[in-house]
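final08.cif follows (mmCIF, C-alpha atoms):
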```
data_final
loop_
_atom_site.group_PDB
_atom_site.id
_atom_site.type_symbol
_atom_site.label_atom_id
_atom_site.label_comp_id
_atom_site.auth_asym_id
_atom_site.auth_seq_id
_atom_site.Cartn_x
_atom_site.Cartn_y
_atom_site.Cartn_z
ATOM 1 C CA MET R 8 21.874 -7.745 21.985
ATOM 2 C CA THR R 9 24.422 -7.638 19.215
ATOM 3 C CA ILE R 10 24.960 -4.902 16.650
ATOM 4 C CA GLY R 11 23.132 -7.019 14.062
ATOM 5 C CA ASP R 12 20.104 -7.316 16.307
ATOM 6 C CA LEU R 13 20.111 -3.586 16.879
ATOM 7 C CA VAL R 14 20.231 -2.803 13.153
ATOM 8 C CA PHE R 15 17.489 -5.382 12.538
ATOM 9 C CA SER R 16 15.258 -3.793 15.185
ATOM 10 C CA ILE R 17 15.773 -0.252 13.913
ATOM 11 C CA VAL R 18 15.118 -1.163 10.267
ATOM 12 C CA LEU R 19 12.075 -3.287 11.119
ATOM 13 C CA LEU R 20 10.504 -0.712 13.419
ATOM 14 C CA THR R 21 11.119 2.118 10.938
ATOM 15 C CA GLY R 22 9.126 0.176 8.359
ATOM 16 C CA VAL R 23 6.372 -0.478 10.901
ATOM 17 C CA VAL R 24 6.163 3.218 11.798
ATOM 18 C CA LEU R 25 5.716 4.038 8.099
ATOM 19 C CA GLY R 26 2.791 1.597 7.970
ATOM 20 C CA LEU R 27 1.202 3.206 11.004
ATOM 21 C CA LEU R 28 1.673 6.716 9.595
ATOM 22 C CA ALA R 29 -0.039 5.653 6.381
ATOM 23 C CA GLY R 30 -3.039 4.459 8.372
ATOM 24 C CA VAL R 31 -3.217 7.801 10.156
ATOM 25 C CA GLY R 32 -2.672 9.751 6.935
ATOM 26 C CA LEU R 33 -5.530 7.980 5.192
ATOM 27 C CA HIS R 34 -7.850 9.477 7.798
ATOM 28 C CA ARG R 35 -6.287 12.897 8.234
ATOM 29 C CA PHE R 36 -5.534 14.052 4.702
ATOM 30 C CA PRO R 37 -8.192 16.111 2.911
ATOM 31 C CA ASP R 38 -8.633 14.545 -0.533
ATOM 32 C CA VAL R 39 -7.905 11.340 -2.400
ATOM 33 C CA PHE R 40 -4.714 12.639 -4.008
ATOM 34 C CA ALA R 41 -3.249 13.673 -0.669
ATOM 35 C CA ARG R 42 -4.274 10.319 0.782
ATOM 36 C CA MET R 43 -2.461 8.534 -2.021
ATOM 37 C CA HIS R 44 0.621 10.468 -0.999
ATOM 38 C CA ALA R 45 0.368 8.952 2.474
ATOM 39 C CA ALA R 46 -0.485 5.515 1.120
ATOM 40 C CA THR R 47 2.683 5.210 -0.968
ATOM 41 C CA LYS R 48 4.949 5.246 2.084
ATOM 42 C CA PRO R 49 4.396 1.670 3.276
ATOM 43 C CA SER R 50 3.944 0.326 -0.237
ATOM 44 C CA THR R 51 7.539 1.114 -1.248
ATOM 45 C CA LEU R 52 9.917 2.141 1.521
ATOM 46 C CA GLY R 53 7.986 0.497 4.358
ATOM 47 C CA LEU R 54 7.725 -2.845 2.606
ATOM 48 C CA VAL R 55 11.384 -2.791 1.583
ATOM 49 C CA LEU R 56 12.557 -2.024 5.115
ATOM 50 C CA VAL R 57 10.384 -4.693 6.746
ATOM 51 C CA VAL R 58 10.999 -7.401 4.151
ATOM 52 C CA ALA R 59 14.742 -6.715 3.998
ATOM 53 C CA ALA R 60 14.984 -6.975 7.778
ATOM 54 C CA VAL R 61 13.090 -10.265 7.718
ATOM 55 C CA ALA R 62 15.106 -11.626 4.791
ATOM 56 C CA ALA R 63 18.365 -10.919 6.619
ATOM 57 C CA ARG R 64 17.253 -13.095 9.526
ATOM 58 C CA LEU R 65 15.878 -16.077 7.624
ATOM 59 C CA ASP R 66 18.192 -19.053 7.263
ATOM 60 C CA ASP R 67 16.736 -20.591 4.128
ATOM 61 C CA SER R 68 18.013 -18.884 0.986
ATOM 62 C CA SER R 69 14.922 -19.875 -0.998
ATOM 63 C CA ASP R 70 12.797 -17.889 1.446
ATOM 64 C CA THR R 71 15.087 -14.906 0.945
ATOM 65 C CA ALA R 72 14.649 -15.248 -2.807
ATOM 66 C CA LYS R 73 10.860 -15.239 -2.437
ATOM 67 C CA LEU R 74 11.010 -12.062 -0.385
ATOM 68 C CA LEU R 75 13.229 -10.495 -3.038
ATOM 69 C CA VAL R 76 10.595 -11.349 -5.653
ATOM 70 C CA VAL R 77 7.972 -9.608 -3.516
ATOM 71 C CA ILE R 78 10.081 -6.437 -3.378
ATOM 72 C CA ILE R 79 10.707 -6.452 -7.138
ATOM 73 C CA LEU R 80 7.025 -7.059 -7.944
ATOM 74 C CA GLN R 81 5.977 -4.288 -5.592
ATOM 75 C CA PHE R 82 8.360 -1.839 -7.204
ATOM 76 C CA LEU R 83 7.049 -2.759 -10.656
ATOM 77 C CA THR R 84 3.352 -2.628 -9.797
ATOM 78 C CA ALA R 85 2.992 0.152 -7.200
ATOM 79 C CA PRO R 86 3.670 3.071 -9.616
ATOM 80 C CA VAL R 87 1.343 1.601 -12.245
ATOM 81 C CA GLY R 88 -1.467 1.114 -9.747
ATOM 82 C CA ALA R 89 -1.033 4.585 -8.254
ATOM 83 C CA HIS R 90 -1.041 6.150 -11.722
ATOM 84 C CA MET R 91 -4.215 4.302 -12.732
ATOM 85 C CA VAL R 92 -6.064 5.205 -9.541
ATOM 86 C CA ALA R 93 -5.040 8.873 -9.685
ATOM 87 C CA ARG R 94 -6.038 9.190 -13.346
ATOM 88 C CA ALA R 95 -9.343 7.462 -12.769
ATOM 89 C CA ALA R 96 -10.088 9.612 -9.716
ATOM 90 C CA HIS R 97 -9.299 12.783 -11.653
ATOM 91 C CA ARG R 98 -11.340 11.814 -14.697
ATOM 92 C CA ALA R 99 -14.249 10.717 -12.561
ATOM 93 C CA GLY R 100 -14.359 14.238 -11.124
ATOM 94 C CA GLY R 101 -12.539 13.542 -7.886
ATOM 95 C CA GLN R 102 -13.065 16.368 -5.421
ATOM 96 C CA MET R 103 -9.882 18.248 -4.593
ATOM 97 C CA SER R 104 -9.113 20.009 -1.368
ATOM 98 C CA PRO R 105 -9.685 23.810 -1.493
ATOM 99 C CA ASP R 106 -6.002 24.168 -0.618
ATOM 100 C CA THR R 107 -4.963 22.733 -3.993
ATOM 101 C CA GLN R 108 -2.864 25.319 -5.809
ATOM 102 C CA VAL R 109 -2.218 23.868 -9.263
ATOM 103 C CA ASP R 110 -4.218 21.360 -11.314
ATOM 104 C CA GLU R 111 -2.477 21.174 -14.668
ATOM 105 C CA LEU R 112 -4.426 18.088 -15.686
ATOM 106 C CA SER R 113 -7.693 20.063 -15.679
ATOM 107 C CA GLU R 114 -6.680 21.797 -18.950
ATOM 108 C CA VAL R 115 -6.614 18.497 -20.829
ATOM 109 C CA ARG R 116 -9.310 16.832 -18.841
ATOM 110 C CA VAL R 117 -11.463 14.159 -20.475
ATOM 111 C CA ASP R 118 -14.773 13.968 -18.679
ATOM 112 C CA THR R 119 -15.999 10.411 -18.645
ATOM 113 C CA SER R 120 -18.579 10.876 -15.950
ATOM 114 C CA ALA R 121 -21.271 11.318 -18.623
ATOM 115 C CA ARG R 122 -22.700 7.975 -19.607
ATOM 116 C CA GLY R 123 -21.807 6.452 -22.940
ATOM 117 C CA VAL R 124 -18.615 8.409 -23.475
ATOM 118 C CA PRO R 125 -15.698 5.990 -23.786
ATOM 119 C CA PRO R 126 -12.468 7.094 -22.113
ATOM 120 C CA GLN R 127 -9.879 8.486 -24.500
ATOM 121 C CA PRO R 128 -6.510 6.722 -24.572
ATOM 122 C CA MET T 12 14.260 -10.124 20.151
ATOM 123 C CA ASP T 13 10.777 -11.612 20.411
ATOM 124 C CA ALA T 14 9.629 -8.359 22.010
ATOM 125 C CA VAL T 15 10.747 -6.392 18.946
ATOM 126 C CA ILE T 16 8.944 -8.783 16.604
ATOM 127 C CA THR T 17 5.768 -8.655 18.691
ATOM 128 C CA THR T 18 5.895 -4.855 18.773
ATOM 129 C CA ALA T 19 6.359 -4.778 15.018
ATOM 130 C CA LEU T 20 3.388 -7.088 14.512
ATOM 131 C CA ALA T 21 1.238 -4.955 16.827
ATOM 132 C CA GLY T 22 2.174 -1.810 14.897
ATOM 133 C CA LEU T 23 1.420 -3.424 11.546
ATOM 134 C CA ILE T 24 -1.934 -4.701 12.816
ATOM 135 C CA ALA T 25 -2.796 -1.210 14.060
ATOM 136 C CA GLY T 26 -1.869 0.291 10.683
ATOM 137 C CA ALA T 27 -3.939 -2.297 8.821
ATOM 138 C CA ALA T 28 -6.868 -1.675 11.172
ATOM 139 C CA LEU T 29 -6.713 2.060 10.435
ATOM 140 C CA CYS T 30 -6.772 1.279 6.704
ATOM 141 C CA LEU T 31 -9.737 -1.054 7.234
ATOM 142 C CA ALA T 32 -11.580 1.707 9.104
ATOM 143 C CA ARG T 33 -10.923 4.038 6.171
ATOM 144 C CA LEU T 34 -12.196 1.326 3.808
ATOM 145 C CA LEU T 35 -15.457 0.912 5.717
ATOM 146 C CA ARG T 36 -15.994 4.650 6.319
ATOM 147 C CA PRO T 37 -18.231 6.381 3.798
ATOM 148 C CA GLY T 38 -16.074 7.792 1.038
ATOM 149 C CA SER T 39 -15.486 7.758 -2.672
ATOM 150 C CA LEU T 40 -14.512 4.613 -4.544
ATOM 151 C CA ALA T 41 -11.001 6.009 -5.045
ATOM 152 C CA ASP T 42 -10.570 6.471 -1.293
ATOM 153 C CA ARG T 43 -11.586 2.908 -0.695
ATOM 154 C CA ILE T 44 -9.325 1.362 -3.296
ATOM 155 C CA VAL T 45 -6.352 3.354 -1.987
ATOM 156 C CA ALA T 46 -7.142 2.127 1.517
ATOM 157 C CA LEU T 47 -7.496 -1.473 0.319
ATOM 158 C CA ASP T 48 -4.200 -1.362 -1.561
ATOM 159 C CA THR T 49 -2.402 0.049 1.479
ATOM 160 C CA MET T 50 -3.979 -2.551 3.739
ATOM 161 C CA LEU T 51 -2.839 -5.411 1.503
ATOM 162 C CA THR T 52 0.707 -4.031 1.460
ATOM 163 C CA ILE T 53 0.733 -3.827 5.255
ATOM 164 C CA ILE T 54 -0.636 -7.378 5.442
ATOM 165 C CA VAL T 55 2.203 -8.590 3.197
ATOM 166 C CA SER T 56 4.682 -6.940 5.578
ATOM 167 C CA GLY T 57 2.888 -8.519 8.518
ATOM 168 C CA VAL T 58 3.008 -12.040 7.099
ATOM 169 C CA ALA T 59 6.717 -11.595 6.417
ATOM 170 C CA VAL T 60 7.320 -10.524 10.015
ATOM 171 C CA GLY T 61 5.132 -13.356 11.285
ATOM 172 C CA SER T 62 7.303 -15.861 9.439
ATOM 173 C CA LEU T 63 10.058 -15.105 11.946
ATOM 174 C CA LEU T 64 7.950 -16.560 14.743
ATOM 175 C CA THR T 65 7.100 -19.903 13.135
ATOM 176 C CA THR T 66 9.216 -22.550 11.501
ATOM 177 C CA ASP T 67 6.767 -23.467 8.729
ATOM 178 C CA ALA T 68 6.134 -20.090 7.128
ATOM 179 C CA PHE T 69 4.218 -19.888 3.876
ATOM 180 C CA LEU T 70 6.044 -17.184 1.992
ATOM 181 C CA ASP T 71 4.642 -18.010 -1.456
ATOM 182 C CA LEU T 72 1.492 -16.370 -0.149
ATOM 183 C CA LEU T 73 3.203 -12.979 -0.213
ATOM 184 C CA VAL T 74 3.768 -13.039 -3.973
ATOM 185 C CA VAL T 75 0.147 -14.022 -4.580
ATOM 186 C CA VAL T 76 -1.332 -11.408 -2.245
ATOM 187 C CA SER T 77 0.764 -8.581 -3.636
ATOM 188 C CA LEU T 78 -0.119 -9.501 -7.236
ATOM 189 C CA LEU T 79 -3.791 -9.885 -6.316
ATOM 190 C CA GLY T 80 -3.766 -6.415 -4.782
ATOM 191 C CA PHE T 81 -2.296 -4.977 -7.971
ATOM 192 C CA VAL T 82 -4.862 -6.666 -10.201
ATOM 193 C CA GLY T 83 -7.685 -5.487 -7.937
ATOM 194 C CA THR T 84 -6.441 -1.911 -7.986
ATOM 195 C CA ILE T 85 -6.179 -1.872 -11.774
ATOM 196 C CA THR T 86 -9.616 -3.432 -12.182
ATOM 197 C CA VAL T 87 -11.377 -0.944 -9.923
ATOM 198 C CA ALA T 88 -9.518 1.965 -11.543
ATOM 199 C CA ARG T 89 -10.675 0.902 -15.004
ATOM 200 C CA PHE T 90 -14.196 0.416 -13.693
ATOM 201 C CA MET T 91 -14.141 3.852 -12.066
ATOM 202 C CA GLU T 92 -13.090 5.580 -15.290
ATOM 203 C CA ARG T 93 -16.191 4.293 -17.032
ATOM 204 C CA ARG T 94 -18.715 4.609 -14.266
ATOM 205 C CA GLY T 95 -17.602 7.711 -12.348
ATOM 206 C CA PRO T 96 -16.898 7.957 -8.614
#
```
What's the C-alpha coordinates form of this structure?
Amino acid sequence: MTIGDLVFSIVLLTGVVLGLLAGVGLHRFPDVFARMHAATKPSTLGLVLVVAAVAARLDDSSDTAKLLVVIILQFLTAPVGAHMVARAAHRAGGQMSPDTQVDELSEVRVDTSARGVPPQP
Amino acid sequence: MDAVITTALAGLIAGAALCLARLLRPGSLADRIVALDTMLTIIVSGVAVGSLLTTDAFLDLLVVVSLLGFVGTITVARFMERRGP
(Lines of atoms letter the chains of each structure in order from A and count residues from 1; the text may use other names and numbers.)
(Lines give C-alpha, C1' and ligand atoms only; values in the text may rest on other atoms or scores of the structure.)
Protein backbone atom coordinates (compact mmCIF):
# COMPACT_ATOMS: atom_id res chain seq x y z
CA MET A 1 0.00 0.00 0.00
CA THR A 2 1.52 3.27 -1.07
CA ILE A 3 1.23 6.64 0.63
CA GLY A 4 -1.36 7.69 -1.96
CA ASP A 5 -3.50 4.68 -1.17
CA LEU A 6 -3.27 5.43 2.52
CA VAL A 7 -4.35 9.05 2.07
CA PHE A 8 -7.17 7.91 -0.22
CA SER A 9 -8.41 5.41 2.37
CA ILE A 10 -8.29 7.89 5.24
CA VAL A 11 -10.10 10.64 3.32
CA LEU A 12 -12.73 8.25 1.95
CA LEU A 13 -13.44 6.60 5.28
CA THR A 14 -13.63 9.95 7.09
CA GLY A 15 -16.37 11.00 4.69
CA VAL A 16 -18.16 7.68 5.20
CA VAL A 17 -18.03 8.06 8.99
CA LEU A 18 -19.63 11.50 8.65
CA GLY A 19 -22.47 9.92 6.66
CA LEU A 20 -22.98 7.28 9.32
CA LEU A 21 -22.94 9.85 12.13
CA ALA A 22 -25.62 11.85 10.32
CA GLY A 23 -27.83 8.77 10.18
CA VAL A 24 -27.38 8.25 13.91
CA GLY A 25 -27.88 11.95 14.67
CA LEU A 26 -31.17 12.05 12.79
CA HIS A 27 -32.50 9.53 15.30
CA ARG A 28 -30.84 10.76 18.47
CA PHE A 29 -31.26 14.53 18.36
CA PRO A 30 -34.33 16.02 20.05
CA ASP A 31 -35.88 18.43 17.54
CA VAL A 32 -35.83 19.24 13.85
CA PHE A 33 -33.31 22.07 14.19
CA ALA A 34 -30.83 19.88 16.04
CA ARG A 35 -31.38 17.15 13.46
CA MET A 36 -30.59 19.59 10.68
CA HIS A 37 -27.32 20.26 12.45
CA ALA A 38 -26.45 16.57 12.15
CA ALA A 39 -27.74 16.37 8.59
CA THR A 40 -25.42 19.08 7.27
CA LYS A 41 -22.29 17.05 7.99
CA PRO A 42 -22.47 14.62 5.06
CA SER A 43 -24.05 17.16 2.75
CA THR A 44 -20.96 19.41 2.74
CA LEU A 45 -17.80 18.00 4.30
CA GLY A 46 -18.74 14.33 3.87
CA LEU A 47 -19.59 14.70 0.20
CA VAL A 48 -16.46 16.73 -0.50
CA LEU A 49 -14.20 14.18 1.19
CA VAL A 50 -15.76 11.18 -0.55
CA VAL A 51 -16.05 12.77 -3.99
CA ALA A 52 -12.54 14.26 -3.84
CA ALA A 53 -11.10 10.87 -2.92
CA VAL A 54 -12.95 9.25 -5.81
CA ALA A 55 -12.00 12.01 -8.26
CA ALA A 56 -8.32 11.59 -7.40
CA ARG A 57 -8.46 7.93 -8.41
CA LEU A 58 -10.41 8.22 -11.65
CA ASP A 59 -8.37 8.23 -14.84
CA ASP A 60 -10.78 10.08 -17.10
CA SER A 61 -10.57 13.84 -16.64
CA SER A 62 -14.15 14.35 -17.82
CA ASP A 63 -15.34 12.20 -14.93
CA THR A 64 -13.30 14.33 -12.55
CA ALA A 65 -14.93 17.44 -14.00
CA LYS A 66 -18.40 15.97 -13.43
CA LEU A 67 -17.56 15.25 -9.81
CA LEU A 68 -16.29 18.81 -9.43
CA VAL A 69 -19.64 20.07 -10.74
CA VAL A 70 -21.41 17.96 -8.12
CA ILE A 71 -19.33 19.54 -5.34
CA ILE A 72 -19.96 23.08 -6.61
CA LEU A 73 -23.71 22.49 -7.00
CA GLN A 74 -23.91 21.00 -3.53
CA PHE A 75 -22.14 23.98 -2.01
CA LEU A 76 -24.51 26.36 -3.81
CA THR A 77 -27.73 24.53 -2.97
CA ALA A 78 -27.20 23.04 0.51
CA PRO A 79 -27.30 26.38 2.41
CA VAL A 80 -30.37 27.53 0.48
CA GLY A 81 -32.23 24.29 1.14
CA ALA A 82 -31.29 24.26 4.83
CA HIS A 83 -32.40 27.88 5.21
CA MET A 84 -35.75 27.20 3.53
CA VAL A 85 -36.46 24.10 5.61
CA ALA A 86 -35.50 25.77 8.89
CA ARG A 87 -37.62 28.85 8.16
CA ALA A 88 -40.58 26.76 7.11
CA ALA A 89 -40.28 24.53 10.18
CA HIS A 90 -40.12 27.57 12.47
CA ARG A 91 -43.04 29.35 10.84
CA ALA A 92 -45.12 26.20 10.83
CA GLY A 93 -44.72 26.06 14.61
CA GLY A 94 -41.96 23.49 14.75
CA GLN A 95 -41.63 22.08 18.25
CA MET A 96 -38.32 22.93 19.90
CA SER A 97 -36.53 20.87 22.48
CA PRO A 98 -37.07 22.09 26.09
CA ASP A 99 -33.30 22.53 26.27
CA THR A 100 -33.42 25.38 23.73
CA GLN A 101 -31.99 28.50 25.34
CA VAL A 102 -32.51 31.29 22.81
CA ASP A 103 -35.10 31.67 20.04
CA GLU A 104 -34.53 35.13 18.61
CA LEU A 105 -36.74 34.41 15.61
CA SER A 106 -39.81 34.09 17.86
CA GLU A 107 -39.89 37.90 18.35
CA VAL A 108 -40.47 38.48 14.64
CA ARG A 109 -42.40 35.34 14.02
CA VAL A 110 -45.00 35.25 11.24
CA ASP A 111 -47.55 32.59 12.02
CA THR A 112 -48.74 31.00 8.83
CA SER A 113 -50.31 27.97 10.43
CA ALA A 114 -53.71 29.70 10.32
CA ARG A 115 -55.42 29.03 7.03
CA GLY A 116 -55.67 31.76 4.44
CA VAL A 117 -52.80 33.85 5.74
CA PRO A 118 -50.17 34.19 3.01
CA PRO A 119 -46.56 34.04 4.20
CA GLN A 120 -44.86 37.42 4.45
CA PRO A 121 -41.72 37.90 2.36
CA MET B 1 -7.83 -1.45 -1.91
CA ASP B 2 -11.06 -3.23 -2.81
CA ALA B 3 -11.59 -3.91 0.89
CA VAL B 4 -11.49 -0.17 1.64
CA ILE B 5 -13.99 0.57 -1.13
CA THR B 6 -16.32 -2.20 0.03
CA THR B 7 -16.12 -0.96 3.62
CA ALA B 8 -16.90 2.56 2.45
CA LEU B 9 -19.90 1.34 0.47
CA ALA B 10 -21.16 -0.65 3.46
CA GLY B 11 -20.86 2.41 5.71
CA LEU B 12 -22.68 4.63 3.22
CA ILE B 13 -25.45 2.06 2.82
CA ALA B 14 -25.83 1.86 6.60
CA GLY B 15 -26.02 5.66 6.84
CA ALA B 16 -28.61 5.83 4.07
CA ALA B 17 -30.62 3.06 5.74
CA LEU B 18 -30.67 5.02 9.01
CA CYS B 19 -31.94 8.07 7.11
CA LEU B 20 -34.60 5.92 5.43
CA ALA B 21 -35.70 4.63 8.84
CA ARG B 22 -36.00 8.23 10.03
CA LEU B 23 -38.00 9.04 6.89
CA LEU B 24 -40.48 6.22 7.49
CA ARG B 25 -40.75 6.78 11.26
CA PRO B 26 -43.66 8.94 12.36
CA GLY B 27 -42.49 12.53 12.57
CA SER B 28 -43.13 16.00 11.30
CA LEU B 29 -42.85 16.91 7.63
CA ALA B 30 -39.67 18.88 8.37
CA ASP B 31 -38.05 15.81 9.93
CA ARG B 32 -38.86 13.78 6.89
CA ILE B 33 -37.58 16.26 4.34
CA VAL B 34 -34.32 16.65 6.28
CA ALA B 35 -33.95 12.88 6.32
CA LEU B 36 -34.71 12.63 2.59
CA ASP B 37 -32.20 15.33 1.71
CA THR B 38 -29.50 13.63 3.78
CA MET B 39 -30.30 10.27 2.23
CA LEU B 40 -29.97 11.65 -1.30
CA THR B 41 -26.61 13.21 -0.44
CA ILE B 42 -25.36 9.90 0.95
CA ILE B 43 -26.64 8.13 -2.17
CA VAL B 44 -24.69 10.58 -4.36
CA SER B 45 -21.56 9.75 -2.35
CA GLY B 46 -22.32 6.06 -2.70
CA VAL B 47 -22.71 6.18 -6.48
CA ALA B 48 -19.42 8.05 -6.72
CA VAL B 49 -17.67 5.38 -4.65
CA GLY B 50 -19.37 2.64 -6.65
CA SER B 51 -17.94 4.09 -9.85
CA LEU B 52 -14.51 2.94 -8.68
CA LEU B 53 -15.62 -0.68 -8.92
CA THR B 54 -16.98 -0.62 -12.47
CA THR B 55 -15.54 0.58 -15.73
CA ASP B 56 -18.77 2.01 -17.17
CA ALA B 57 -19.84 4.38 -14.42
CA PHE B 58 -22.70 6.78 -15.03
CA LEU B 59 -21.55 9.92 -13.29
CA ASP B 60 -24.00 12.30 -14.99
CA LEU B 61 -26.54 10.74 -12.66
CA LEU B 62 -24.90 12.45 -9.69
CA VAL B 63 -25.58 15.95 -10.99
CA VAL B 64 -29.21 15.08 -11.68
CA VAL B 65 -29.83 13.43 -8.30
CA SER B 66 -28.26 16.25 -6.33
CA LEU B 67 -30.27 18.89 -8.22
CA LEU B 68 -33.45 16.84 -7.86
CA GLY B 69 -32.89 16.64 -4.11
CA PHE B 70 -32.51 20.41 -3.94
CA VAL B 71 -35.68 21.06 -5.92
CA GLY B 72 -37.61 18.59 -3.76
CA THR B 73 -36.40 20.21 -0.56
CA ILE B 74 -37.38 23.68 -1.75
CA THR B 75 -40.78 22.49 -2.93
CA VAL B 76 -41.69 20.78 0.33
CA ALA B 77 -40.42 23.77 2.34
CA ARG B 78 -42.64 26.15 0.39
CA PHE B 79 -45.56 23.76 0.76
CA MET B 80 -44.94 23.48 4.50
CA GLU B 81 -44.96 27.25 4.99
CA ARG B 82 -48.48 27.44 3.60
CA ARG B 83 -49.97 24.32 5.07
CA GLY B 84 -48.26 23.99 8.46
CA PRO B 85 -46.38 20.95 9.78
Find the spatial neighbours of stretch 53-55 of chain T, counting only C-alpha atoms, within a cut-off of 10 Å - ignore same-chain residues fewer than 3 positions away - and output them as JSON, numbers by chain.
{"R": [22, 23, 25, 26, 27, 29, 30, 49, 50, 53, 54, 57, 58, 77], "T": [20, 22, 23, 24, 25, 26, 27, 28, 30, 47, 48, 49, 50, 58, 59, 60, 61, 70, 72, 73, 74, 75, 76, 77]}
Store the residues of this selection in a file with C-alpha atoms, as a PDB file, in the frame of the given file.
```
ATOM      1  CA  GLY R  22       9.126   0.176   8.359  1.00  0.00           C
ATOM      2  CA  VAL R  23       6.372  -0.478  10.901  1.00  0.00           C
ATOM      3  CA  LEU R  25       5.716   4.038   8.099  1.00  0.00           C
ATOM      4  CA  GLY R  26       2.791   1.597   7.970  1.00  0.00           C
ATOM      5  CA  LEU R  27       1.202   3.206  11.004  1.00  0.00           C
ATOM      6  CA  ALA R  29      -0.039   5.653   6.381  1.00  0.00           C
ATOM      7  CA  GLY R  30      -3.039   4.459   8.372  1.00  0.00           C
ATOM      8  CA  PRO R  49       4.396   1.670   3.276  1.00  0.00           C
ATOM      9  CA  SER R  50       3.944   0.326  -0.237  1.00  0.00           C
ATOM     10  CA  GLY R  53       7.986   0.497   4.358  1.00  0.00           C
ATOM     11  CA  LEU R  54       7.725  -2.845   2.606  1.00  0.00           C
ATOM     12  CA  VAL R  57      10.384  -4.693   6.746  1.00  0.00           C
ATOM     13  CA  VAL R  58      10.999  -7.401   4.151  1.00  0.00           C
ATOM     14  CA  VAL R  77       7.972  -9.608  -3.516  1.00  0.00           C
TER      15      VAL R  77
ATOM     16  CA  LEU T  20       3.388  -7.088  14.512  1.00  0.00           C
ATOM     17  CA  GLY T  22       2.174  -1.810  14.897  1.00  0.00           C
ATOM     18  CA  LEU T  23       1.420  -3.424  11.546  1.00  0.00           C
ATOM     19  CA  ILE T  24      -1.934  -4.701  12.816  1.00  0.00           C
ATOM     20  CA  ALA T  25      -2.796  -1.210  14.060  1.00  0.00           C
ATOM     21  CA  GLY T  26      -1.869   0.291  10.683  1.00  0.00           C
ATOM     22  CA  ALA T  27      -3.939  -2.297   8.821  1.00  0.00           C
ATOM     23  CA  ALA T  28      -6.868  -1.675  11.172  1.00  0.00           C
ATOM     24  CA  CYS T  30      -6.772   1.279   6.704  1.00  0.00           C
ATOM     25  CA  LEU T  47      -7.496  -1.473   0.319  1.00  0.00           C
ATOM     26  CA  ASP T  48      -4.200  -1.362  -1.561  1.00  0.00           C
ATOM     27  CA  THR T  49      -2.402   0.049   1.479  1.00  0.00           C
ATOM     28  CA  MET T  50      -3.979  -2.551   3.739  1.00  0.00           C
ATOM     29  CA  VAL T  58       3.008 -12.040   7.099  1.00  0.00           C
ATOM     30  CA  ALA T  59       6.717 -11.595   6.417  1.00  0.00           C
ATOM     31  CA  VAL T  60       7.320 -10.524  10.015  1.00  0.00           C
ATOM     32  CA  GLY T  61       5.132 -13.356  11.285  1.00  0.00           C
ATOM     33  CA  LEU T  70       6.044 -17.184   1.992  1.00  0.00           C
ATOM     34  CA  LEU T  72       1.492 -16.370  -0.149  1.00  0.00           C
ATOM     35  CA  LEU T  73       3.203 -12.979  -0.213  1.00  0.00           C
ATOM     36  CA  VAL T  74       3.768 -13.039  -3.973  1.00  0.00           C
ATOM     37  CA  VAL T  75       0.147 -14.022  -4.580  1.00  0.00           C
ATOM     38  CA  VAL T  76      -1.332 -11.408  -2.245  1.00  0.00           C
ATOM     39  CA  SER T  77       0.764  -8.581  -3.636  1.00  0.00           C
TER      40      SER T  77
END
```
Give me, as a ChimeraX atom specification, the contact residues of chain R against chain T at a cut-off of 8 Å, counting only C-alpha atoms.
/R:12,16,19-20,23-24,26-31,33-34,39,42-43,46-47,49-50,54,57-58,61,64-65,70,73-74,76-77,80-81,84-85,88,91-92,95-96,98-101,119-120,122,125-126
Using only C-alpha atoms, which of R:Thr71, R:Val18, R:Gly32, R:Thr51 sits nearest R:Pro86?
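Result for the nearest residue to R:Pro86: R:Thr51.
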Can you list what the PyMOL selection byres ((chain R and resi 106) around 12) grabs from this structure, as number ranges by chain?
R: 36-38, 41, 102-105, 107-110
Could you put an axis-aligned box around every listed atom of stretch 97-110 of chain R, padded by 4 Å on each side, and send me its centre and edge lengths in Å to one decimal, as JSON?
```
{"center_x": -8.3, "center_y": 18.0, "center_z": -7.7, "size_x": 20.1, "size_y": 22.6, "size_z": 22.1}
```
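Using all atoms listed in the file, the shortest contact distance between R:Ala45 and any of R:Ala59, R:Ala72, R:Ala89, R:Leu83 is found at R:Ala89.
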Expressed in Å to a single decimal, how great is the separation between atom CA of R:Ile78 and atom CA of R:Val55?
6.3 Å
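Across the structure, atom CA of R:Ile17 and atom CA of R:Leu52 are spaced 13.9 Å apart.
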One-decimal distance in Å that lies between atom CA of T:Asp67 and atom CA of R:Leu56:
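Going from atom CA of R:Leu56 over to atom CA of T:Asp67, I get 22.5 Å.
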Between R:Ile79, R:Thr9, R:Phe40, R:Arg35, which residue has the minimum interatomic distance to R:His97, considering only C-alpha atoms?
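Comparing R:Ile79, R:Thr9, R:Phe40, R:Arg35 against R:His97, the winner is R:Phe40.
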Residue nearest R:Lys48 - candidates R:Val115, R:Thr21, R:Ala93, R:Met8, atoms counted: all atoms listed in the file:
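Distance minimum relative to R:Lys48 lands on R:Thr21.
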